[in-house]
Structures are given as C-alpha cells and as structure tokens.
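This report concerns only the one structure given below.
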Amino acid sequence: MASNGNGHTLGQGAMPPLSLSILGVEPLDEFIRDVADFIHHQISTRPHELGGNVEVEARIGIIKDRGTGARLQLPVRTETILEPNALDIRFESNMSPKQHQHYNKLLNTLKTMPSAAHPGSTLAYQHLHLIDTFYQSDGGGHGDKVRVTRDERTSEVRECVRKIRLADINIYSPKRPADWRVSVNLEVPVPPPLGQSTHSRKKDRMQYSHEEFVIDLTQVTSSSGMNSKQEVLHELELELARPEYLLATAAQRGDPAASEQERGAFDELIRAFVNNARILVRNADGGWQ
C-alpha cells in the first residue's frame, strides 16, 4: 500500500485529515485581506475633524463599460477586485422588479430558517417606509448634500446627516449575474437645514438584521420636483451595523499591546462582511436588468 508521507498507509477507506498546509496554517486569503486593507486605510485617513460615523456598505449591481453601455467583460475567470480609476466604468445598483422579488423571497425564507451551524442566529426583520429630502450643503468641499430622513407615516425625523463619500472599490464577478461595490462613507450629523430642498425620494425598505450586519432591500421612488417624472429603482445593500464596533476593531488591528483575538477582530469582521456579500451575489437570479 502507498504512504501519504506522514507515516500513514493509504488503504481503500477514508483519507485521514490533511494538514492545512506544509506549515500547518491556512494562508491568508489575499482577496479578503485587500478589502480589509482598503477599508482600514479609509478609516485611518478619514477627516477626523468632521466627526460622524463611518459607514461601510456593499451594493449589489453590475459594472458597465461607459463606452459600450454593456456589462464589463474582462479576460479573468474568477471574482476580481478592480484597480480604482483604471477603467472607464460605472456601477449600476438598480435591479429589475423580478430580481427584487427573488431576493425578497430568499431573505424571507432565511428569516424563518435558522442556520444549521448557528441555530440561535436568525434574521430580524422590519418593514420601513421612509422619505429622504435633500438640501444643498455648505460643507466646504466635504460633500454637497444634506439628507433629512423622516418616517413616512409619522413624519418623525430619524436622521439628518451630511454624507461624505470617501472611496469605493468595484468587484467584478464574471461567473455571476451581478457584481458588487464596497463603499466607505462618512455620515456627519448636522442641524436641520433651512431653505428649499433639491429633490426627494421615497423608500419602501425591507430590512434584515443578522449579527453584525444589516441587509436593506429597497424600492426607491425619486422625484426632483412637482412636475418631474418619477423614477423607480430597486436596490440591495449590505452594511456593517455598528460603526463604533468597526472603529474599535480597526484601532486594535496589529496593535502589539492587544490580545491575538483583539488584533484579529477587524479582519474577522471584514471576512464575514465579504462572505455575506458573496452569498448575495451568488444567489442573484438571471436577468439582472
């Protein structure tokens, strides 16, 4: 009988457990590390003087070639992070109503079926009806819009922020019907603005919460004025639920004074974030738009 080199004789039965590698450890996933490095860099270099909360989100959509208007085609076989500003592309997060319905059904099923690995970890759910109103900002170059979010039914102001885009990276998924984008933003609370709004949008949102993440499936109806044509979009996004926990883990990443678990908490958080984004992309139905 043959040997596997570890002194184990290979018979006709089951193969003995294999080592993770010749060093006994699993090599770090470069894809996840690159996403983690990108997010960590944006957190570390953000304009601290503005305060506010760091928002990290992944949007599901498709990457389009600006020249042809068609979905991007690259000579790669697997999921790929694109170098920012290297290609003339745009990212579109709008999906078809059919795709929206597909995700709604999928997420509702998950809501009622706990994971076999974590039976106590279920999806919480709430249905939100919100109205966003946008105003010009005097932010001095740090973003140009203030967003006031109200509950459509009670008119209660839920949020009044200036959203500042820090950076994005696009992920091309040639074997899937959809791609995705990771964005890091800063949301700075501001006083309610005065003057005339520039435009508004109505959001019919189904929100699913799971551990450290929130999944928003939203129908957005936008309008720029009384006589303007309304535009209806359907969007899916994944967001880190607790900005304060994100910042706390980012601060301890690589800190020699922190425990090994604390030093690795940020990368573990981003690993789960990437995995959830991948699950959403890989469960996309055919015919994105």
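Scheme for the structure tokens: letters A, B, ... for chains in order shown; per-chain residue numbers from 1; ligand numbers from 1 in order shown.
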Shell around Cys160 of chain A at 9 Å using only C-alpha atoms, local window under 2 positions removed, as an MDAnalysis selection string: chainID A and resid 146:150 157:158 162 188:193
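Excluding Met113 of chain A itself and same-chain residues fewer than 4 positions from it, the residues having an atom within 9 Å of it are A:Asn108, A:Thr109, A:Pro119, A:Thr122, A:Leu123, counting only C-alpha atoms.
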Residue set, segment 75-256 of chain A restricted to alpha helix (DSSP H), as a VMD selection string: chain A and resid 97 to 112 243 to 252
When you count only C-alpha atoms, which of these residues is closest to Asp34 of chain A: A:Ile81, A:Val281, A:Glu239, A:Glu212? A:Ile81
What residues in segment 45-280 of chain A get the DSSP label strand (DSSP E or B)? Please answer as an MDAnalysis selection string. chainID A and resid 53:65 71 80:81 89:92 124:136 145:151 157:172 179:189 199:210 213:223 231:240
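Reported to one decimal place, the separation of atom CA of Pro243 of chain A from atom CA of Ala277 of chain A is 17.9 Å.
Using only C-alpha atoms, the shortest contact distance between Ser93 of chain A and any of A:Lys229, A:Lys203, A:His127, A:His234 is found at A:His234.
Atom CA of Ala241 of chain A is found 8.9 Å from atom CA of His210 of chain A.
Atom CA of Gln252 of chain A lies 7.9 Å from atom CA of Phe266 of chain A.
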Skipping near chain neighbours, those fewer than 6 positions away, what residues fall within 12 Å of Pro75 of chain A using only C-alpha atoms, listed as an MDAnalysis selection string? chainID A and resid 172:175
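Nearest to Lys163 of chain A of all the residues A:Gly52, A:Val274, A:Arg46, A:Asp267 is A:Gly52, counting only C-alpha atoms.
Counting only C-alpha atoms, the residue from A:Gln99, A:Ile171, A:Leu128, A:Tyr208 that sits nearest to Glu83 of chain A is A:Ile171.
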Minimum-distance residue to Asn283 of chain A, chosen among A:Ala86, A:Ala58, A:Leu106, A:Leu20 (using only C-alpha atoms): A:Leu106
